[in-house]
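Below is the file entry_7.cif, which contains mmCIF, C-alpha atoms.
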```cif
data_entry
loop_
_atom_site.group_PDB
_atom_site.id
_atom_site.type_symbol
_atom_site.label_atom_id
_atom_site.label_comp_id
_atom_site.auth_asym_id
_atom_site.auth_seq_id
_atom_site.Cartn_x
_atom_site.Cartn_y
_atom_site.Cartn_z
ATOM 1 C CA MET V 84 84.766 58.137 68.930
ATOM 2 C CA ILE V 85 85.079 57.606 65.183
ATOM 3 C CA GLU V 86 88.734 56.652 65.651
ATOM 4 C CA ALA V 87 87.761 53.998 68.183
ATOM 5 C CA LEU V 88 85.142 52.543 65.851
ATOM 6 C CA ILE V 89 87.665 52.437 63.012
ATOM 7 C CA ALA V 90 90.160 50.698 65.305
ATOM 8 C CA LEU V 91 87.512 48.122 66.248
ATOM 9 C CA ALA V 92 86.705 47.490 62.596
ATOM 10 C CA ILE V 93 90.392 47.049 61.763
ATOM 11 C CA THR V 94 90.812 44.618 64.664
ATOM 12 C CA ILE V 95 87.856 42.549 63.465
ATOM 13 C CA LEU V 96 89.214 42.472 59.906
ATOM 14 C CA VAL V 97 92.687 41.411 61.058
ATOM 15 C CA VAL V 98 91.225 38.634 63.203
ATOM 16 C CA GLY V 99 89.150 37.421 60.261
ATOM 17 C CA LEU V 100 92.248 37.380 58.081
ATOM 18 C CA ILE V 101 94.254 35.443 60.675
ATOM 19 C CA ILE V 102 91.487 32.855 61.076
ATOM 20 C CA PHE V 103 91.194 32.534 57.296
ATOM 21 C CA LEU V 104 94.946 31.930 57.025
ATOM 22 C CA ILE V 105 94.891 29.368 59.857
ATOM 23 C CA ARG V 106 92.070 27.451 58.139
ATOM 24 C CA ARG V 107 93.900 27.463 54.791
ATOM 25 C CA ALA V 108 97.325 26.485 56.161
ATOM 26 C CA PRO V 109 98.073 22.940 54.946
ATOM 27 C CA PHE V 110 100.934 22.440 57.414
ATOM 28 C CA ILE V 111 98.788 22.884 60.561
ATOM 29 C CA PRO V 112 97.063 19.634 61.607
ATOM 30 C CA ALA V 113 93.295 19.888 62.145
ATOM 31 C CA PRO V 114 93.145 19.755 65.970
ATOM 32 C CA PHE V 115 95.893 22.360 66.346
ATOM 33 C CA GLY V 116 94.269 24.595 63.755
ATOM 34 C CA GLN V 117 90.989 24.572 65.657
ATOM 35 C CA TRP V 118 92.732 25.388 68.935
ATOM 36 C CA ALA V 119 94.632 28.187 67.205
ATOM 37 C CA GLU V 120 91.342 29.617 65.938
ATOM 38 C CA TYR V 121 89.883 29.586 69.451
ATOM 39 C CA VAL V 122 92.990 31.261 70.887
ATOM 40 C CA VAL V 123 92.883 33.978 68.228
ATOM 41 C CA ILE V 124 89.179 34.583 68.896
ATOM 42 C CA VAL V 125 89.707 34.842 72.670
ATOM 43 C CA ILE V 126 92.595 37.279 72.237
ATOM 44 C CA ALA V 127 90.549 39.314 69.763
ATOM 45 C CA VAL V 128 87.580 39.518 72.128
ATOM 46 C CA LEU V 129 89.861 40.770 74.891
ATOM 47 C CA ILE V 130 91.396 43.387 72.597
ATOM 48 C CA ILE V 131 87.972 44.500 71.370
ATOM 49 C CA LEU V 132 86.690 44.803 74.936
ATOM 50 C CA LEU V 133 89.717 46.867 75.957
ATOM 51 C CA ARG V 134 89.215 49.153 72.973
ATOM 52 C CA ALA V 135 85.472 49.455 73.578
ATOM 53 C CA LEU V 136 85.748 50.434 77.252
ATOM 54 C CA PRO V 137 86.718 54.061 76.507
ATOM 55 C CA LEU V 138 83.624 54.322 74.316
ATOM 56 C CA LEU V 139 81.570 53.453 77.390
ATOM 57 C CA GLY V 140 83.318 56.074 79.495
ATOM 58 C CA VAL V 141 85.610 53.704 81.384
ATOM 59 C CA SER V 142 89.254 54.795 81.527
ATOM 60 C CA VAL V 143 91.779 52.050 80.877
#
```

The structure given in the file should be rewritten as structure tokens.
Amino acid sequence: MIEALIALAITILVVGLIIFLIRRAPFIPAPFGQWAEYVVIVIAVLIILLRALPLLGVSV
């Protein structure tokens, strides 16, 4: 269970780093940067849910 929590924390940190880099990238126009942030967040939520299911007793 500790390993799963560590994996979730690492996933959240990586997503935060990616969003930070997208916001700071001068070569990405504003509308595309916002869409990229949303896409990264959606993918991260899916990954976090898949990693959290075993903690709830659901086999994936």

Checklist line | Contacts of V:Ile101 within 12 Å, all atoms listed in the file, excl. fewer than 2 positions in-chain, as a list in words | finding: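 Selected residues are Thr94, Ile95, Leu96, Val97, Val98, Gly99, Phe103, Leu104, Ile105, Arg106, Arg107, Ala108, Gly116, Ala119, Glu120, Tyr121, Val122, Val123, Ile124, Ile126 and Ala127 of chain V.
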
Notebook entry, point to check: Taking all atoms listed in the file into account, which of V:Ile85, V:Ile93, V:Gln117, V:Pro109 comes nearest V:Ile130?
Noted result: V:Ile93

Check: Nearest to V:Leu136 among V:Phe110, V:Ala87, V:Leu100, V:Phe115, with distances taken over all atoms listed in the file: which residue is it?
Finding: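 Closest to V:Leu136 of all the choices is V:Ala87.
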
Check: So, counting only C-alpha atoms, which residue among V:Glu86, V:Ile111, V:Leu91, V:Ile102 is closest to V:Val128?
Finding: V:Leu91

Next item on the list: Would you mind reading off the distance between atom CA of V:Ile131 and atom CA of V:Trp118, one decimal, in Å?
Entry: 19.8 Å

Complete the atoms of stretch 114-126 of chain V to N, CA, C and O atoms and put them out as a PDB file, in the coordinates of the input.
```pdb
ATOM      1  N   PRO V 114      93.454  19.382  64.579  1.00  0.00           N
ATOM      2  CA  PRO V 114      93.145  19.755  65.970  1.00  0.00           C
ATOM      3  C   PRO V 114      93.881  21.024  66.406  1.00  0.00           C
ATOM      4  O   PRO V 114      93.334  21.854  67.107  1.00  0.00           O
ATOM      5  N   PHE V 115      95.123  21.178  65.955  1.00  0.00           N
ATOM      6  CA  PHE V 115      95.893  22.360  66.346  1.00  0.00           C
ATOM      7  C   PHE V 115      95.350  23.609  65.667  1.00  0.00           C
ATOM      8  O   PHE V 115      95.365  24.688  66.247  1.00  0.00           O
ATOM      9  N   GLY V 116      94.859  23.473  64.462  1.00  0.00           N
ATOM     10  CA  GLY V 116      94.269  24.595  63.755  1.00  0.00           C
ATOM     11  C   GLY V 116      93.024  25.101  64.458  1.00  0.00           C
ATOM     12  O   GLY V 116      92.797  26.305  64.567  1.00  0.00           O
ATOM     13  N   GLN V 117      92.202  24.172  64.946  1.00  0.00           N
ATOM     14  CA  GLN V 117      90.989  24.572  65.657  1.00  0.00           C
ATOM     15  C   GLN V 117      91.334  25.269  66.964  1.00  0.00           C
ATOM     16  O   GLN V 117      90.723  26.278  67.324  1.00  0.00           O
ATOM     17  N   TRP V 118      92.316  24.738  67.690  1.00  0.00           N
ATOM     18  CA  TRP V 118      92.732  25.388  68.935  1.00  0.00           C
ATOM     19  C   TRP V 118      93.306  26.770  68.653  1.00  0.00           C
ATOM     20  O   TRP V 118      93.063  27.716  69.397  1.00  0.00           O
ATOM     21  N   ALA V 119      94.063  26.884  67.568  1.00  0.00           N
ATOM     22  CA  ALA V 119      94.632  28.187  67.205  1.00  0.00           C
ATOM     23  C   ALA V 119      93.525  29.185  66.890  1.00  0.00           C
ATOM     24  O   ALA V 119      93.619  30.361  67.262  1.00  0.00           O
ATOM     25  N   GLU V 120      92.476  28.736  66.225  1.00  0.00           N
ATOM     26  CA  GLU V 120      91.342  29.617  65.938  1.00  0.00           C
ATOM     27  C   GLU V 120      90.707  30.108  67.236  1.00  0.00           C
ATOM     28  O   GLU V 120      90.411  31.302  67.373  1.00  0.00           O
ATOM     29  N   TYR V 121      90.489  29.198  68.179  1.00  0.00           N
ATOM     30  CA  TYR V 121      89.883  29.586  69.451  1.00  0.00           C
ATOM     31  C   TYR V 121      90.761  30.582  70.206  1.00  0.00           C
ATOM     32  O   TYR V 121      90.262  31.540  70.782  1.00  0.00           O
ATOM     33  N   VAL V 122      92.070  30.356  70.192  1.00  0.00           N
ATOM     34  CA  VAL V 122      92.990  31.261  70.887  1.00  0.00           C
ATOM     35  C   VAL V 122      92.945  32.644  70.244  1.00  0.00           C
ATOM     36  O   VAL V 122      92.894  33.664  70.943  1.00  0.00           O
ATOM     37  N   VAL V 123      92.943  32.691  68.928  1.00  0.00           N
ATOM     38  CA  VAL V 123      92.883  33.978  68.228  1.00  0.00           C
ATOM     39  C   VAL V 123      91.569  34.689  68.553  1.00  0.00           C
ATOM     40  O   VAL V 123      91.555  35.901  68.794  1.00  0.00           O
ATOM     41  N   ILE V 124      90.476  33.967  68.586  1.00  0.00           N
ATOM     42  CA  ILE V 124      89.179  34.583  68.896  1.00  0.00           C
ATOM     43  C   ILE V 124      89.154  35.130  70.318  1.00  0.00           C
ATOM     44  O   ILE V 124      88.675  36.244  70.555  1.00  0.00           O
ATOM     45  N   VAL V 125      89.683  34.378  71.278  1.00  0.00           N
ATOM     46  CA  VAL V 125      89.707  34.842  72.670  1.00  0.00           C
ATOM     47  C   VAL V 125      90.560  36.097  72.803  1.00  0.00           C
ATOM     48  O   VAL V 125      90.148  37.073  73.448  1.00  0.00           O
ATOM     49  N   ILE V 126      91.730  36.102  72.181  1.00  0.00           N
ATOM     50  CA  ILE V 126      92.595  37.279  72.237  1.00  0.00           C
ATOM     51  C   ILE V 126      91.909  38.466  71.577  1.00  0.00           C
ATOM     52  O   ILE V 126      91.957  39.593  72.086  1.00  0.00           O
TER      53      ILE V 126
END
```
